Every structure is written in structure tokens, then in C-alpha cells.
Amino acid sequence: LSLSLSLSLSLAPPPQFGVDNVLCHVADPTFVGFCSLRGADCGVKTIAKADPHEKVGVLASVGGKPHVVEYSEISTEMAEATREALSGSGTRLLYGAAHICVNWFSLPFLRAFAAGALGEEGSASLPLHVARKKVPCLDPDKGGGSVPLQPSEPNAIKLELFIFDTFPHAAKLVALQVPREHEFAPVKNAPGAASDSPDTACAAFSRLCVDRLVAAGGTVKAPRPCVAANSGNGSRPRPLLEISPLVSYAGEGLEERVAGREFELPQHLC
């Protein structure tokens, strides 16, 4: 839908998310309501960084305006800087609010930005970011340039636009910090990788489903051996539980389906 049509129909502002996050709560009513009630132009979800050098961008103030600073653009000193925790117990990373690419934008803000009505003299635009990538190509020194080459080092420059570069133009941006184990399980690596792989994402989603099932009064039986194919690291994946979003969006309404029942994994509630 066009922005003009969305505005004329008084549609709810659109949430935006990364497709590689298995635990993303699409159109999360809590998040949408939080942003709307705060009268925000933009809203973001964040999680606490797992460690100072986790490869995620962080929400920060730059020149008095909200920005997402990429991990490649932050110094070691800044990444490791700490502050006193608000609870008064221990310290936290000063730049510890990791941006997970789950955002919200008001329709008037999007229309103003798209029309070039924001920024100095109405010149708001998105800056280009340089990313160095390993891109398969043809080896110019072999076979007359016809032999495929898989580079071991970055050999190409990619220019990227990031949607979060709209944030500095917002009059009001709000952030909602959420539990990592409930809302962030990215898929960035190949199957069998130790982190951020399809295997780890599936396991994270299954753990969340188990937590919701148990909270609704169900129990999980010790799993039987799984006959699925190898996960790629020589071991078989653990049996999983999946609760279809058509059954429950975030654990609500499960009691009548699972209370007092025992479930053996793998299991798909649909």
C-alpha cells in the first residue's frame, strides 16, 4: 500500500523487522501500542548485548540525536565502557542496547521523510555504508578468466543503505528493551555453526515454545531419540517443540489445549 492510501484509510503504522530473526514477534501489539501511546515518530526494540564485542549495532546518541552505531564503527574502548546499573547492583555496558532490526515508524514521519521534508532545508537522505564482502568471481589468471574463484579475503565493496539511518531525523524515538531468549535468534551462519545458525535458531524457538507450554500447565516428557538428519556437526539435533502461531501468538489461550497433558517431543501443535 502507498503511504497516501495508508493515511487515508487510517491504517496502523507499519512495523519493520529482519527476516532472519526466527523469534521476531511480527506486529507485536505490545510494541506497537508502546510506540503509539508515546507519540513517537520511530520506535526500536533492543536487547542487552551478550558481550562487549558481540557483532551487533547499538543504540546511541550522536550529537544529541539517536543513531544506531554499527559494531564495525565503534572503538574497543567504547565497546568495553561500563556504567553503574540502574538497580545499583554491579555495572552494565555503556553501549549495551543492541539493535535487533525490529522497528516502528509513524505514517506521518514516513511520508515526511519520503517527501524530503526532513533534515536541513528538507534534504534528508540515507547515507551509504561501505561493506567489504567475499564475493565469488572468475579467476583472471586461470583458464582465460573462466575458472570460478572462492575468495578467502574480502574482494569487493558493497554500498548499503540502512533503514535505521532515518532515526536522527525523528523528533521523538522510543526504545523497548526485550528479553533476548524471547525475541532474538538470528540466522547468519551455515547449518552446523556454533552460533546464529538454523540449528541454534530452531533450538531457541523450541525452548520458547516449551516455556509457554509449561506456563500454560502442560509438561514435556523426556524426548525419544530423534531420527532427523545430522545438523552438520556430527550430532543429531534435539527433538523440538513448535507451537503454530495460528494456535497461539505469544502463549495466550494455550491452557485449554495443554493444561494437565504431557507431550513427547518432537511435537508440532497446530
# chains A, B, ... in the order shown; residues from 1 in each chain; ligands from 1
call {"tool": "select_by_dssp", "arguments": {"residues": "range 20-230 of chain A", "states": "alpha helix (DSSP H)", "output": "PyMOL selection string"}}
result
chain A and resi 29-37+76-80+107-114+180-183+198-215
call {"tool": "residues_around", "arguments": {"residues": "range 129-137 of chain A", "least_positions_apart": "5", "cutoff": "6 Å", "atoms": "only C-alpha atoms", "output": "MDAnalysis selection string"}}
result
chainID A and resid 148:151 154:160
call {"tool": "residues_around", "arguments": {"residues": "range 248-256 of chain A", "least_positions_apart": "6", "cutoff": "9 Å", "atoms": "only C-alpha atoms", "output": "MDAnalysis selection string"}}
result
chainID A and resid 25 209 211:213 215:218
call {"tool": "residues_around", "arguments": {"residues": "Ala85 in chain A", "least_positions_apart": "6", "cutoff": "12 Å", "atoms": "only C-alpha atoms", "output": "list in words"}}
result
Thr91, Arg92, Leu93, Leu94 and Gly96 of chain A
call {"tool": "write_last_selection", "arguments": {"atoms": "N, CA, C and O atoms", "output": "PDB file, in the first residue's frame"}}
result
ATOM      1  N   THR A  91      27.675  -3.334  37.318  1.00  0.00           N
ATOM      2  CA  THR A  91      27.787  -2.424  36.186  1.00  0.00           C
ATOM      3  C   THR A  91      27.198  -3.050  34.938  1.00  0.00           C
ATOM      4  O   THR A  91      26.991  -4.260  34.863  1.00  0.00           O
ATOM      5  N   ARG A  92      26.915  -2.189  33.975  1.00  0.00           N
ATOM      6  CA  ARG A  92      26.428  -2.622  32.669  1.00  0.00           C
ATOM      7  C   ARG A  92      27.252  -1.948  31.591  1.00  0.00           C
ATOM      8  O   ARG A  92      27.890  -0.919  31.836  1.00  0.00           O
ATOM      9  N   LEU A  93      27.199  -2.512  30.395  1.00  0.00           N
ATOM     10  CA  LEU A  93      27.873  -1.876  29.278  1.00  0.00           C
ATOM     11  C   LEU A  93      27.222  -0.523  28.997  1.00  0.00           C
ATOM     12  O   LEU A  93      25.990  -0.401  28.970  1.00  0.00           O
ATOM     13  N   LEU A  94      28.049   0.494  28.800  1.00  0.00           N
ATOM     14  CA  LEU A  94      27.530   1.824  28.490  1.00  0.00           C
ATOM     15  C   LEU A  94      26.804   1.804  27.151  1.00  0.00           C
ATOM     16  O   LEU A  94      25.731   2.391  26.999  1.00  0.00           O
ATOM     17  N   GLY A  96      25.290  -0.844  25.524  1.00  0.00           N
ATOM     18  CA  GLY A  96      24.864  -2.234  25.621  1.00  0.00           C
ATOM     19  C   GLY A  96      23.489  -2.524  25.073  1.00  0.00           C
ATOM     20  O   GLY A  96      23.014  -3.652  25.174  1.00  0.00           O
TER      21      GLY A  96
END
call {"tool": "residues_around", "arguments": {"residues": "Ser61 in chain A", "least_positions_apart": "4", "cutoff": "12 Å", "atoms": "only C-alpha atoms", "output": "PyMOL selection string"}}
result
chain A and resi 65-69+94-95+97+167-168+173
call {"tool": "write_last_selection", "arguments": {"atoms": "N, CA, C and O atoms", "output": "short mmCIF file (atom, residue, chain, number, x, y, z; two decimals), in the first residue's frame"}}
result
data_model
loop_
_atom_site.label_atom_id
_atom_site.label_comp_id
_atom_site.auth_asym_id
_atom_site.auth_seq_id
_atom_site.Cartn_x
_atom_site.Cartn_y
_atom_site.Cartn_z
N LYS A 65 21.45 13.28 18.85
CA LYS A 65 20.39 12.64 18.06
C LYS A 65 20.56 11.12 18.12
O LYS A 65 21.68 10.61 18.24
N PRO A 66 19.44 10.37 18.05
CA PRO A 66 19.52 8.90 18.14
C PRO A 66 20.13 8.31 16.88
O PRO A 66 19.79 8.69 15.76
N HIS A 67 21.04 7.37 17.08
CA HIS A 67 21.69 6.68 15.98
C HIS A 67 21.84 5.21 16.35
O HIS A 67 21.87 4.85 17.53
N VAL A 68 21.96 4.36 15.33
CA VAL A 68 22.45 3.00 15.52
C VAL A 68 23.89 2.99 15.02
O VAL A 68 24.16 3.29 13.85
N VAL A 69 24.82 2.68 15.92
CA VAL A 69 26.23 2.65 15.58
C VAL A 69 26.62 1.19 15.34
O VAL A 69 26.49 0.35 16.24
N LEU A 94 28.05 0.49 28.80
CA LEU A 94 27.53 1.82 28.49
C LEU A 94 26.80 1.80 27.15
O LEU A 94 25.73 2.39 27.00
N TYR A 95 27.40 1.11 26.18
CA TYR A 95 26.76 0.95 24.88
C TYR A 95 26.31 -0.50 24.74
O TYR A 95 26.87 -1.28 23.99
N ALA A 97 22.82 -1.51 24.48
CA ALA A 97 21.49 -1.73 23.92
C ALA A 97 21.61 -2.13 22.47
O ALA A 97 21.77 -1.29 21.57
N PHE A 167 16.56 7.41 11.84
CA PHE A 167 16.34 7.75 13.25
C PHE A 167 16.78 9.17 13.61
O PHE A 167 16.08 9.84 14.39
N PRO A 168 17.93 9.66 13.15
CA PRO A 168 18.35 11.01 13.56
C PRO A 168 17.36 12.10 13.15
O PRO A 168 17.41 13.21 13.71
N LEU A 173 12.09 9.42 19.39
CA LEU A 173 12.33 7.99 19.21
C LEU A 173 12.24 7.31 20.57
O LEU A 173 12.78 7.83 21.56
#
call {"tool": "closest_residue", "arguments": {"among": "A:Ile47, A:Leu176, A:Ala171, A:Ile163", "to": "Asp28 in chain A", "atoms": "only C-alpha atoms"}}
result
A:Leu176
call {"tool": "closest_residue", "arguments": {"among": "A:Asp196, A:Asp165, A:Glu264, A:Asp141", "to": "Leu128 in chain A", "atoms": "only C-alpha atoms"}}
result
A:Asp165
